[in-house]
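This report concerns only the one structure given below.
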Amino acid sequence: GTGTVSVFVQSTIPPGQTAKEFFAGQRSSRSDSVNVSGVGDEAYYEPGMTVLNVRSGDTIFSVQAAFIPEVPGTQGKLENLAKLVLKRV
């Protein structure tokens, strides 16, 4: 299959919120999310959207894959990519 991978870094946190609070609020609106350990301070995967959301300290970013058809092992591949991103943010 073919596809793309995107990385989005959350550049601003709403006034009055910490990154941790903002991340928790974003997560609460995603009912199908799956906890991911070993990536940042906290992370979750959204299988329906093939996106991995990560918080490390005050940094929040997402790694999303768009493959047609979906590639087996997408979650693991995004986790590995997120670990590389963590070394650079």
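Labels used: A, B, ... for chains in the order of the structure tokens, numbers from 1 for residues in each chain, and numbers from 1 for ligands as shown.
Excluding A:Thr59 and any residue on its chain fewer than 3 positions from it, the residues at most 8 Å away by only C-alpha atoms are Val9, Gln10, Ala19, Arg55, Ser56 and Val89 of chain A.
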Could you give me, as number ranges by chain, each residue of chain A that DSSP assigns to strand (DSSP E or B) when run on this structure's backbone?
-> A: 2-9, 34-36, 42-46, 51-56, 59-68
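The list of residues with at least one atom within 9 Å of A:Gln64, based on only C-alpha atoms and without residues fewer than 3 positions apart in the same chain, reads A:Thr4, A:Val5, A:Ser6, A:Val7, A:Phe8, A:Met49, A:Thr50, A:Val51, A:Leu52, A:Asn53, A:Leu78.
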Next, the residues of the selection above should be written as a PDB file, in the first residue's frame with C-alpha atoms.
```pdb
ATOM      1  CA  THR A   4       1.855   9.219   4.422  1.00  0.00           C
ATOM      2  CA  VAL A   5       3.000   9.827   7.975  1.00  0.00           C
ATOM      3  CA  SER A   6       2.569  13.226   9.626  1.00  0.00           C
ATOM      4  CA  VAL A   7       3.914  14.688  12.862  1.00  0.00           C
ATOM      5  CA  PHE A   8       1.994  17.553  14.501  1.00  0.00           C
ATOM      6  CA  MET A  49      -7.645   7.387  13.233  1.00  0.00           C
ATOM      7  CA  THR A  50      -4.258   5.572  13.239  1.00  0.00           C
ATOM      8  CA  VAL A  51      -2.799   8.367  15.370  1.00  0.00           C
ATOM      9  CA  LEU A  52      -0.485   8.198  18.386  1.00  0.00           C
ATOM     10  CA  ASN A  53      -0.740  11.150  20.790  1.00  0.00           C
ATOM     11  CA  LEU A  78       4.115   4.912  15.138  1.00  0.00           C
TER      12      LEU A  78
END
```
So which bits of chain A end up alpha helix (DSSP H) when you DSSP the backbone, as a count of residues only?
-> 23
Which neighbours of A:Glu46 fall inside 12 Å, counting only C-alpha atoms, when residues of the same chain fewer than 6 positions from it are skipped, and could you give them as a PyMOL selection string?
-> chain A and resi 26-36+52-54+62-65+74-75+78
Save the residues we just selected, N, CA and C atoms, as an mmCIF file, in the first residue's frame?
```
data_model
loop_
_atom_site.group_PDB
_atom_site.id
_atom_site.type_symbol
_atom_site.label_atom_id
_atom_site.label_comp_id
_atom_site.auth_asym_id
_atom_site.auth_seq_id
_atom_site.Cartn_x
_atom_site.Cartn_y
_atom_site.Cartn_z
ATOM 1 N N GLN A 26 -8.061 16.346 25.912
ATOM 2 C CA GLN A 26 -8.123 15.832 24.550
ATOM 3 C C GLN A 26 -8.436 14.345 24.560
ATOM 4 N N ARG A 27 -7.802 13.640 25.458
ATOM 5 C CA ARG A 27 -7.988 12.184 25.530
ATOM 6 C C ARG A 27 -9.413 11.828 25.929
ATOM 7 N N SER A 28 -10.004 12.594 26.832
ATOM 8 C CA SER A 28 -11.341 12.255 27.335
ATOM 9 C C SER A 28 -12.392 12.265 26.225
ATOM 10 N N SER A 29 -12.111 12.942 25.122
ATOM 11 C CA SER A 29 -13.076 12.992 24.019
ATOM 12 C C SER A 29 -12.884 11.857 23.013
ATOM 13 N N ARG A 30 -11.936 10.965 23.292
ATOM 14 C CA ARG A 30 -11.657 9.854 22.373
ATOM 15 C C ARG A 30 -11.928 8.524 23.067
ATOM 16 N N SER A 31 -13.105 8.007 22.849
ATOM 17 C CA SER A 31 -13.551 6.817 23.588
ATOM 18 C C SER A 31 -12.837 5.528 23.172
ATOM 19 N N ASP A 32 -12.278 5.487 21.984
ATOM 20 C CA ASP A 32 -11.645 4.246 21.527
ATOM 21 C C ASP A 32 -10.132 4.234 21.744
ATOM 22 N N SER A 33 -9.617 5.190 22.533
ATOM 23 C CA SER A 33 -8.173 5.289 22.707
ATOM 24 C C SER A 33 -7.614 4.144 23.555
ATOM 25 N N VAL A 34 -6.359 3.819 23.286
ATOM 26 C CA VAL A 34 -5.661 2.716 23.946
ATOM 27 C C VAL A 34 -4.396 3.264 24.599
ATOM 28 N N ASN A 35 -4.201 2.983 25.901
ATOM 29 C CA ASN A 35 -2.977 3.419 26.578
ATOM 30 C C ASN A 35 -1.752 2.829 25.910
ATOM 31 N N VAL A 36 -0.690 3.634 25.827
ATOM 32 C CA VAL A 36 0.587 3.176 25.295
ATOM 33 C C VAL A 36 1.645 3.506 26.339
ATOM 34 N N LEU A 52 -1.073 8.362 17.068
ATOM 35 C CA LEU A 52 -0.485 8.198 18.386
ATOM 36 C C LEU A 52 -0.264 9.593 18.959
ATOM 37 N N ASN A 53 -0.867 9.863 20.114
ATOM 38 C CA ASN A 53 -0.740 11.150 20.790
ATOM 39 C C ASN A 53 0.193 10.979 21.981
ATOM 40 N N VAL A 54 1.144 11.914 22.134
ATOM 41 C CA VAL A 54 2.202 11.784 23.147
ATOM 42 C C VAL A 54 2.347 13.095 23.909
ATOM 43 N N SER A 62 1.529 14.600 17.998
ATOM 44 C CA SER A 62 0.811 13.467 17.425
ATOM 45 C C SER A 62 1.570 12.962 16.213
ATOM 46 N N VAL A 63 1.556 11.648 16.043
ATOM 47 C CA VAL A 63 2.131 11.018 14.864
ATOM 48 C C VAL A 63 0.985 10.244 14.220
ATOM 49 N N GLN A 64 0.667 10.561 12.978
ATOM 50 C CA GLN A 64 -0.471 9.932 12.312
ATOM 51 C C GLN A 64 -0.040 9.287 11.013
ATOM 52 N N ALA A 65 -0.578 8.106 10.779
ATOM 53 C CA ALA A 65 -0.313 7.382 9.538
ATOM 54 C C ALA A 65 -1.597 7.295 8.729
ATOM 55 N N THR A 74 0.717 -0.940 12.420
ATOM 56 C CA THR A 74 0.816 0.522 12.370
ATOM 57 C C THR A 74 1.104 1.113 13.747
ATOM 58 N N GLN A 75 0.417 0.652 14.785
ATOM 59 C CA GLN A 75 0.620 1.217 16.117
ATOM 60 C C GLN A 75 2.085 1.097 16.542
ATOM 61 N N LEU A 78 4.275 3.541 14.665
ATOM 62 C CA LEU A 78 4.115 4.912 15.138
ATOM 63 C C LEU A 78 4.805 5.110 16.488
#
```
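Of the listed residues A:Pro47, A:Gly3, A:Ser11, A:Gly38, the one whose atoms come nearest to A:Leu86 is A:Gly38, with distances taken using only C-alpha atoms.
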12 Å contact set for A:Lys87, only C-alpha atoms, chain neighbours under 3 positions out, as a list in words | Val39, Gly40, Ser56, Thr59, Asn80, Leu81, Ala82, Lys83 and Leu84 of chain A
Given the selection you just returned, output its residues as a file containing N, CA, C and O atoms, formatted as a PDB file, in the first residue's frame.
```
ATOM      1  N   VAL A  39       6.377   5.478  25.943  1.00  0.00           N
ATOM      2  CA  VAL A  39       6.550   6.580  24.996  1.00  0.00           C
ATOM      3  C   VAL A  39       6.186   7.878  25.719  1.00  0.00           C
ATOM      4  O   VAL A  39       5.023   8.095  26.051  1.00  0.00           O
ATOM      5  N   GLY A  40       7.186   8.716  25.989  1.00  0.00           N
ATOM      6  CA  GLY A  40       6.934   9.966  26.699  1.00  0.00           C
ATOM      7  C   GLY A  40       6.428   9.732  28.112  1.00  0.00           C
ATOM      8  O   GLY A  40       6.555   8.633  28.660  1.00  0.00           O
ATOM      9  N   SER A  56       5.190  14.695  26.649  1.00  0.00           N
ATOM     10  CA  SER A  56       6.466  14.568  27.342  1.00  0.00           C
ATOM     11  C   SER A  56       6.749  15.920  27.981  1.00  0.00           C
ATOM     12  O   SER A  56       7.041  16.892  27.266  1.00  0.00           O
ATOM     13  N   THR A  59       5.549  19.242  26.297  1.00  0.00           N
ATOM     14  CA  THR A  59       5.455  19.053  24.849  1.00  0.00           C
ATOM     15  C   THR A  59       4.401  17.996  24.530  1.00  0.00           C
ATOM     16  O   THR A  59       4.393  16.915  25.112  1.00  0.00           O
ATOM     17  N   ASN A  80       7.535   3.602  17.494  1.00  0.00           N
ATOM     18  CA  ASN A  80       8.969   3.730  17.192  1.00  0.00           C
ATOM     19  C   ASN A  80       9.298   5.113  16.642  1.00  0.00           C
ATOM     20  O   ASN A  80      10.309   5.717  17.013  1.00  0.00           O
ATOM     21  N   LEU A  81       8.446   5.631  15.765  1.00  0.00           N
ATOM     22  CA  LEU A  81       8.664   6.965  15.212  1.00  0.00           C
ATOM     23  C   LEU A  81       8.550   8.015  16.310  1.00  0.00           C
ATOM     24  O   LEU A  81       9.348   8.958  16.369  1.00  0.00           O
ATOM     25  N   ALA A  82       7.586   7.869  17.203  1.00  0.00           N
ATOM     26  CA  ALA A  82       7.402   8.834  18.294  1.00  0.00           C
ATOM     27  C   ALA A  82       8.641   8.871  19.192  1.00  0.00           C
ATOM     28  O   ALA A  82       9.038   9.939  19.666  1.00  0.00           O
ATOM     29  N   LYS A  83       9.264   7.740  19.411  1.00  0.00           N
ATOM     30  CA  LYS A  83      10.485   7.715  20.222  1.00  0.00           C
ATOM     31  C   LYS A  83      11.606   8.502  19.543  1.00  0.00           C
ATOM     32  O   LYS A  83      12.402   9.172  20.217  1.00  0.00           O
ATOM     33  N   LEU A  84      11.660   8.467  18.228  1.00  0.00           N
ATOM     34  CA  LEU A  84      12.642   9.282  17.497  1.00  0.00           C
ATOM     35  C   LEU A  84      12.313  10.767  17.625  1.00  0.00           C
ATOM     36  O   LEU A  84      13.204  11.607  17.800  1.00  0.00           O
TER      37      LEU A  84
END
```
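For the pair atom CA of A:Phe67 and atom CA of A:Thr2, the separation is 5.6 Å.
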